[in-house]
Structures are given as structure tokens and as C-alpha cells.
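Just below is one structure, and these are the notes that go with it.
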Amino acid sequence: MKRVFLIVLDSVGIGALPDAAKFGDAGADTMGHISRSEKFSVPNLRALGLGNIDGLSYLGTEEEPKASYGKCAELSQGKDTTIGHWEIAGIISEKPLPTYPDGFPAEVIEAFEKATGRKTLCNKPYSGTEVIKDFGEEHLRTGALIVYTSADSVFQIAAHEDIVSTETLYEYCRIARKILCGKHSVGRVIARPFKGKEGNFTRTANRRDFSLEPYGTTMLDILKENDFDVIGVGKISDIFAGKGITRAVLSHGNAECMEASSALSKENFNGLCFINLVDFDMKYGHRNDADGYAAALSEFDAWLPSFMEDLRDEDILIITADHGCDPGDVSTDHTREYTPLLVWGKNIRSISLGVRNSFADIAATILDCFGLEKNNISGESFYSQIRG
């Protein structure tokens with residue numbers, strides 16, 4: 001029985017990629033900015049070798065790091081959750097997913113309104129907290145759905161839970177997902193339920209993503225086809241539209257996902273446990289809250305030793321990210337950055353993995369770990385370098 005735990009620290013980038021300027025992200029550095037906060041304390045990640053990664057020596061290096069360490073560049077033409085996770089799973093996206101800086105065209109909105117029987121409000125890029133502040137009262141009064149987007153390829157629908165039940169909102173998202181195809185195939189349709197009264201609206205934990213199905217074979221598909229378990233924790237199943245997943249654990253937020261991961265570490269399964277910790281991105285990166293971001297990473301760091309203690313001799317832990325979301329820059333958008341790569345296990349060597357050409361090297365390595373051919377999966381395995 002072999003288990004791999006792959007943890008994605010959503011948006012924990014570690015410095016701008018060479019092509020970051022093309023994405024409007026020159027100088028982006030999520031880790032650099034949060035490390036200046038008084039809330040930042042990551043001794044356990046440092047012990048694994050975080051500071052030994054090229055460009056992170058300011059965090060402090062270890063003479064004998066416990067893990068193999070390196071960083072990954074992104075080959076795909078994007079910087080969002082969907083494209084980042086797809087690349088981790090082995091798909092390189094050569095074209096960016098569509099974005100709508102001027103809002104969605106009439107053909108999309110009219111089809112959505114006709115199918116749902118509700119009018120829409122906003123229809124432009126907006127902050128998720130600001131949009132309910134500015135349009136929440138009109139939504140309560142009219143029942144019209146708040147539709148908005150961001151710099152990412154997303155169609156977001158906000159509705160008050162007293163006006164639209166969460167299940168009905170999810171159904172509206174399914175309707176939108178069917179409409180948004182072809183040239184309008186956005187990466188994600190996102191349900192954004194909220195509650196409260198005017199002047200005090202807050203988003204609830206009932207967010208749900210309805211993703212575009214991956215347009216190629218991923219490592220998840222190959223593992224599942226070969227009768228391995230593929231457990232998705234947090235929004236992993238949503239990101240892959242359920243494709244290649246054998247069990248979905250739909251936990252909300254970092255604390256719930258870490259608790260679920262700890263429980264899974266004590267279970268017998270044979271395969272991959274793929275975990276997304278969303279709070280770094282959702283609660284802090286997009287809000288430009290560097291202190292909150294730093295505190296959240298410190299909480300993860302404090303949890304890590306107890307989780308590692310439960311791992312078995314043959315288990316492998318991989319820690320990485322899917323993009324950046326620099327809380328120290330002027331925007332609230334994702335940022336085009338390198339991502340960290342830490343690989344630990346009781347039978348894993350501690351070496352420098354250097355700078356990987358693609359996130360997809362992780363997929364190739366995981367398949368290699370299970371003795372599976374990578375078929376059309378992109379990426380180069382580093383498993384032979386790290387196995388003890």
C-alpha cells in the first residue's frame with residue numbers, strides 16, 4: 001500500500017516568473033511580502049528546506065534540510081486556480097481561458113436570464129466583498145442575481161441565502177455552466193452565497209465551484225483507471241469537475257481541510273490524496289491582507305508536524321502551490337509566480353530539485369511513484385532522484 005499526499009497551498013507564490021510582466025505582474029512576490037509580517041512564523045517549513053529553495057535564502061537556510069526542495073515554473077498561459085491545478089495534474093494549457101474585463105456579452109446574459117427566470121445585476125469585474133455591499137440591497141429588493149467576474153476566467157453568481165437557497169443557486173450555476181461553452185468556456189462558474197442585512201452582508205462557507213472539465217488526460221484519470229484511490233479534499237473535485245476522482249471530501253477552508261487530511265492520514269487507502277487549502281487565496285490574497293495571509297501560513301506550519309507524524313514509511317508528502325496572489329501589490333488579482341516544491345517522506349532523500357520547467361513534473365513524478373506510464377502527461381519525473 002502506497003500513499004501520496006499532495007498539498008496545494010492555494011496562491012503561495014515565491015516570486016515573479018520571467019514572463020510576469022506580460023501578465024501585469026512584474027515584481028510580484030507573495031512569499032516575500034508576507035514574510036515581512038510579524039505574524040509570519042514557519043520553522044517547520046524552513047526545517048523541510050523552504051529557505052534552501054533558490055531565491056528564498058532570506059527565510060534562513062538549513063544545513064541538513066529534511067526534504068527535497070525546489071521551485072516550479074508555470075508553462076501554461078494563465079495564472080488561475082483551474083489552469084494551475086490542471087498543470088500540476090499534467091495538462092499544459094497553451095491558450096488562456098477567456099476573461100471578460102468589460103463584463104459578459106449580451107448573448108450570455110440573455111441566455112442565462114431566460115433559463116433562470118431572473119434578471120441580473122452588475123455584470124463587470126468586481127471584488128467579491130464589495131459587490132455584495134454595492135448590489136446586495138437591490139438584490140434583496142428585486143431578487144435579481146448578482147453576476148460578476150474578475151481578472152480570472154470566472155462567472156460568479158452571488159445571492160442571499162434568504163432569497164435564493166444554496167441548492168437553487170447551485171442549480172443556477174449548473175445552468176450557467178451549460179451556457180458557457182465554446183468560445184465562452186470559462187474556467188469556473190462559482191456560487192457565492194451570502195447572508196446578513198444591509199450594511200453587514202457576509203459571504204458564507206457554502207461557496208461551490210463548477211469547473212470546466214479538463215480537456216485532456218490527467219494523472220488523476222490514469223490513477224483511477226489503474227484502480228488506485230484518488231481522494232480530493234476541499235475544492236479539488238470541483239476544480240476537475242469530478243473527473244478522475246474516486247472520493248470527494250468537500251471541506252471548507254483551511255482548518256476543515258487540515259482536519260480532514262489528518263483523518264485521512266489514519267485511513268488505509270492506496271493512491272493519491274490531493275488537498276487544496278483555499279484560505280490563503282480566498283480570504284487574504286484577494287483582500288490584500290498580508291498579516292492574515294502570514295498568520296494562515298503560520299497556522300499551516302504549526303499543524304504540519306502532527307500530520308507528518310501520522311504518515312507511514314512508504315508515504316510521500318508533496319507541498320506546492322498553483323499560482324501567486326501577492327497581498328503586497330496594488331491589485332487584488334492572482335499573480336504570475338514560481339511555486340515552492342517540498343517533497344518529504346521517511347524513504348525520501350533530501351536533495352535540491354532546482355528549478356522545474358513545469359508544474360507538470362509533479363504529475364509525472366507521482367505516476368512514476370506508482371509505477372505507471374505517464375502516457376500523454378506532460379512533465380519530467382524526479383522520482384528516481386529522491387527515492388531512498
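Here, A, B, ... name the chains of the C-alpha cells in the order displayed, residue numbers run from 1 inside each chain, and ligands are numbered from 1 in the same displayed order.
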Per-residue nearest contacts of segment 235-332 of chain A to segment 362-386 of chain A (12 Å; only C-alpha atoms) as JSON lines:
{"residue": "A:Asn270", "atom": "CA", "partner": "A:Phe370", "partner_atom": "CA", "distance": 9.6}
{"residue": "A:Gly271", "atom": "CA", "partner": "A:Phe370", "partner_atom": "CA", "distance": 7.9}
{"residue": "A:Leu272", "atom": "CA", "partner": "A:Ile366", "partner_atom": "CA", "distance": 8.4}
{"residue": "A:Cys273", "atom": "CA", "partner": "A:Ile366", "partner_atom": "CA", "distance": 11.2}
{"residue": "A:Phe274", "atom": "CA", "partner": "A:Ile366", "partner_atom": "CA", "distance": 11.2}
{"residue": "A:Glu314", "atom": "CA", "partner": "A:Cys369", "partner_atom": "CA", "distance": 10.4}
{"residue": "A:Asp315", "atom": "CA", "partner": "A:Cys369", "partner_atom": "CA", "distance": 10.4}
{"residue": "A:Ile316", "atom": "CA", "partner": "A:Cys369", "partner_atom": "CA", "distance": 9.2}
{"residue": "A:Leu317", "atom": "CA", "partner": "A:Ile366", "partner_atom": "CA", "distance": 10.6}
{"residue": "A:Ile318", "atom": "CA", "partner": "A:Ile362", "partner_atom": "CA", "distance": 8.5}
{"residue": "A:Ile319", "atom": "CA", "partner": "A:Ile362", "partner_atom": "CA", "distance": 10.1}
{"residue": "A:Thr320", "atom": "CA", "partner": "A:Ile362", "partner_atom": "CA", "distance": 9.2}
{"residue": "A:Ala321", "atom": "CA", "partner": "A:Ile362", "partner_atom": "CA", "distance": 11.2}
{"residue": "A:Asp322", "atom": "CA", "partner": "A:Ile362", "partner_atom": "CA", "distance": 11.7}
Saved selection, atoms kept: N, CA and C atoms, as a PDB file, in the first residue's frame:
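Dumped to selection-v1.pdb:
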ATOM      1  N   ASN A 270      -4.935   3.307  -0.995  1.00  0.00           N
ATOM      2  CA  ASN A 270      -3.801   3.052  -1.873  1.00  0.00           C
ATOM      3  C   ASN A 270      -3.874   4.010  -3.051  1.00  0.00           C
ATOM      4  N   GLY A 271      -3.149   5.113  -2.973  1.00  0.00           N
ATOM      5  CA  GLY A 271      -3.206   6.083  -4.055  1.00  0.00           C
ATOM      6  C   GLY A 271      -2.892   7.487  -3.596  1.00  0.00           C
ATOM      7  N   LEU A 272      -3.607   8.439  -4.178  1.00  0.00           N
ATOM      8  CA  LEU A 272      -3.328   9.868  -4.006  1.00  0.00           C
ATOM      9  C   LEU A 272      -4.397  10.553  -3.180  1.00  0.00           C
ATOM     10  N   CYS A 273      -3.950  11.369  -2.231  1.00  0.00           N
ATOM     11  CA  CYS A 273      -4.838  12.297  -1.520  1.00  0.00           C
ATOM     12  C   CYS A 273      -4.407  13.705  -1.929  1.00  0.00           C
ATOM     13  N   PHE A 274      -5.257  14.389  -2.688  1.00  0.00           N
ATOM     14  CA  PHE A 274      -4.962  15.681  -3.316  1.00  0.00           C
ATOM     15  C   PHE A 274      -5.736  16.746  -2.537  1.00  0.00           C
ATOM     16  N   GLU A 314       6.131   4.277   3.790  1.00  0.00           N
ATOM     17  CA  GLU A 314       6.097   4.362   2.335  1.00  0.00           C
ATOM     18  C   GLU A 314       5.395   5.624   1.815  1.00  0.00           C
ATOM     19  N   ASP A 315       4.855   6.425   2.713  1.00  0.00           N
ATOM     20  CA  ASP A 315       4.106   7.620   2.302  1.00  0.00           C
ATOM     21  C   ASP A 315       5.031   8.715   1.786  1.00  0.00           C
ATOM     22  N   ILE A 316       4.491   9.546   0.898  1.00  0.00           N
ATOM     23  CA  ILE A 316       5.212  10.711   0.382  1.00  0.00           C
ATOM     24  C   ILE A 316       4.325  11.935   0.537  1.00  0.00           C
ATOM     25  N   LEU A 317       4.903  13.014   1.027  1.00  0.00           N
ATOM     26  CA  LEU A 317       4.221  14.296   1.161  1.00  0.00           C
ATOM     27  C   LEU A 317       4.839  15.284   0.183  1.00  0.00           C
ATOM     28  N   ILE A 318       3.991  15.899  -0.643  1.00  0.00           N
ATOM     29  CA  ILE A 318       4.434  16.931  -1.580  1.00  0.00           C
ATOM     30  C   ILE A 318       3.669  18.212  -1.261  1.00  0.00           C
ATOM     31  N   ILE A 319       4.399  19.304  -1.079  1.00  0.00           N
ATOM     32  CA  ILE A 319       3.795  20.615  -0.798  1.00  0.00           C
ATOM     33  C   ILE A 319       4.165  21.556  -1.937  1.00  0.00           C
ATOM     34  N   THR A 320       3.147  22.207  -2.513  1.00  0.00           N
ATOM     35  CA  THR A 320       3.388  23.134  -3.622  1.00  0.00           C
ATOM     36  C   THR A 320       2.297  24.203  -3.623  1.00  0.00           C
ATOM     37  N   ALA A 321       2.171  24.921  -4.732  1.00  0.00           N
ATOM     38  CA  ALA A 321       1.123  25.940  -4.901  1.00  0.00           C
ATOM     39  C   ALA A 321       0.701  25.945  -6.363  1.00  0.00           C
ATOM     40  N   ASP A 322      -0.311  26.754  -6.685  1.00  0.00           N
ATOM     41  CA  ASP A 322      -0.873  26.761  -8.036  1.00  0.00           C
ATOM     42  C   ASP A 322      -0.680  28.077  -8.775  1.00  0.00           C
TER      43      ASP A 322
END
Which residues of segment 197-260 of chain A have any atom within 10 Å of an atom in segment 4-7 of chain A when counting only C-alpha atoms, and what is the closest pair of atoms for each, with the distance in Å to one decimal? Order the rows by chain and rising number and write it as JSON lines.
{"residue": "A:Val230", "atom": "CA", "partner": "A:Val4", "partner_atom": "CA", "distance": 9.8}
{"residue": "A:Ile231", "atom": "CA", "partner": "A:Phe5", "partner_atom": "CA", "distance": 9.5}
{"residue": "A:Gly232", "atom": "CA", "partner": "A:Leu6", "partner_atom": "CA", "distance": 9.8}
{"residue": "A:Val233", "atom": "CA", "partner": "A:Ile7", "partner_atom": "CA", "distance": 9.3}
{"residue": "A:Met258", "atom": "CA", "partner": "A:Ile7", "partner_atom": "CA", "distance": 9.8}
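Atom pair atom CA of Ile236 of chain A / atom CA of Gly70 of chain A: separated by 23.4 Å.
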field: Exercise: segment 295-299 of chain A partners within 6 Å, only C-alpha atoms, chain neighbours under 4 positions left out, as an MDAnalysis selection string
entry: chainID A and resid 39:42
- prompt: When distances are computed from only C-alpha atoms, which of A:Leu212, A:Arg118, A:Ser185, A:Gly32 shows the smallest separation from Pro327 of chain A?
  reply: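 Among the listed residues, the smallest separation from Pro327 of chain A belongs to A:Gly32.
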task: Within 10 Å of Ile351 of chain A, counting only C-alpha atoms, which residues show up once you throw out same-chain ones fewer than 5 positions away? Write them as a PyMOL selection string, please.
output: chain A and resi 49+64-70+343+385-386
For the contact check between segment 212-307 of chain A and segment 89-105 of chain A, emit one row per residue of segment 212-307 of chain A within 12 Å, containing the shortest atom pair and the distance in Å rounded to one decimal, counting only C-alpha atoms, chain then rising number order, as a tab-separated table.
residue	atom	partner	partner_atom	distance
A:Leu212	CA	A:Leu97	CA	10.0
A:Glu213	CA	A:Ile91	CA	11.9
A:Pro214	CA	A:Ile91	CA	8.2
A:Tyr215	CA	A:Ile91	CA	8.3
A:Gly216	CA	A:Ile91	CA	6.8
A:Thr217	CA	A:Ile91	CA	7.4
A:Thr218	CA	A:Ala89	CA	5.3
A:Met219	CA	A:Ala89	CA	5.4
A:Leu220	CA	A:Ala89	CA	7.0
A:Asp221	CA	A:Ala89	CA	9.5
A:Ile222	CA	A:Ala89	CA	10.3
A:Leu223	CA	A:Ala89	CA	11.0
A:Val230	CA	A:Ala89	CA	12.0
A:Ile236	CA	A:Ala89	CA	11.0
A:Ile239	CA	A:Ala89	CA	11.1
A:Phe240	CA	A:Ala89	CA	9.7
A:Lys243	CA	A:Ala89	CA	11.6
A:Gly244	CA	A:Ala89	CA	10.4
A:Leu272	CA	A:Ala89	CA	11.5
A:Phe274	CA	A:Ala89	CA	10.1
Please write the residues from the selection above to a file, keeping N, CA and C atoms, as a compact mmCIF listing (two decimals), in the first residue's frame.
# COMPACT_ATOMS: atom_id res chain seq x y z
N LEU A 212 -14.87 23.84 -15.65
CA LEU A 212 -14.76 23.26 -16.97
C LEU A 212 -14.07 21.90 -16.82
N GLU A 213 -14.57 20.89 -17.51
CA GLU A 213 -13.92 19.58 -17.42
C GLU A 213 -12.57 19.64 -18.12
N PRO A 214 -11.53 19.09 -17.50
CA PRO A 214 -10.21 19.10 -18.15
C PRO A 214 -10.28 18.55 -19.57
N TYR A 215 -9.60 19.21 -20.49
CA TYR A 215 -9.70 18.82 -21.89
C TYR A 215 -8.60 17.87 -22.32
N GLY A 216 -8.12 17.09 -21.37
CA GLY A 216 -7.13 16.06 -21.66
C GLY A 216 -7.03 15.10 -20.50
N THR A 217 -6.19 14.10 -20.65
CA THR A 217 -5.99 13.11 -19.60
C THR A 217 -5.08 13.68 -18.51
N THR A 218 -5.47 13.50 -17.27
CA THR A 218 -4.65 13.95 -16.14
C THR A 218 -4.11 12.74 -15.38
N MET A 219 -3.20 13.00 -14.47
CA MET A 219 -2.69 11.91 -13.63
C MET A 219 -3.82 11.28 -12.82
N LEU A 220 -4.86 12.06 -12.50
CA LEU A 220 -5.99 11.54 -11.75
C LEU A 220 -6.69 10.45 -12.55
N ASP A 221 -6.90 10.70 -13.84
CA ASP A 221 -7.53 9.70 -14.71
C ASP A 221 -6.72 8.42 -14.76
N ILE A 222 -5.41 8.56 -14.90
CA ILE A 222 -4.55 7.38 -15.02
C ILE A 222 -4.55 6.58 -13.71
N LEU A 223 -4.48 7.26 -12.58
CA LEU A 223 -4.53 6.57 -11.30
C LEU A 223 -5.85 5.82 -11.13
N VAL A 230 -8.19 7.99 -5.58
CA VAL A 230 -7.89 9.40 -5.83
C VAL A 230 -8.87 10.21 -4.98
N ILE A 236 -10.82 20.35 -4.69
CA ILE A 236 -10.15 19.59 -5.74
C ILE A 236 -11.15 18.95 -6.70
N ILE A 239 -12.60 21.52 -8.98
CA ILE A 239 -11.65 22.03 -9.97
C ILE A 239 -11.55 21.11 -11.18
N PHE A 240 -11.65 19.79 -10.93
CA PHE A 240 -11.53 18.82 -12.02
C PHE A 240 -12.90 18.31 -12.48
N LYS A 243 -13.75 14.67 -12.50
CA LYS A 243 -13.08 13.73 -13.41
C LYS A 243 -11.81 13.17 -12.77
N GLY A 244 -11.73 11.85 -12.69
CA GLY A 244 -10.56 11.19 -12.11
C GLY A 244 -10.60 11.06 -10.61
N LEU A 272 -3.61 8.44 -4.18
CA LEU A 272 -3.33 9.87 -4.01
C LEU A 272 -4.40 10.55 -3.18
N PHE A 274 -5.26 14.39 -2.69
CA PHE A 274 -4.96 15.68 -3.32
C PHE A 274 -5.74 16.75 -2.54
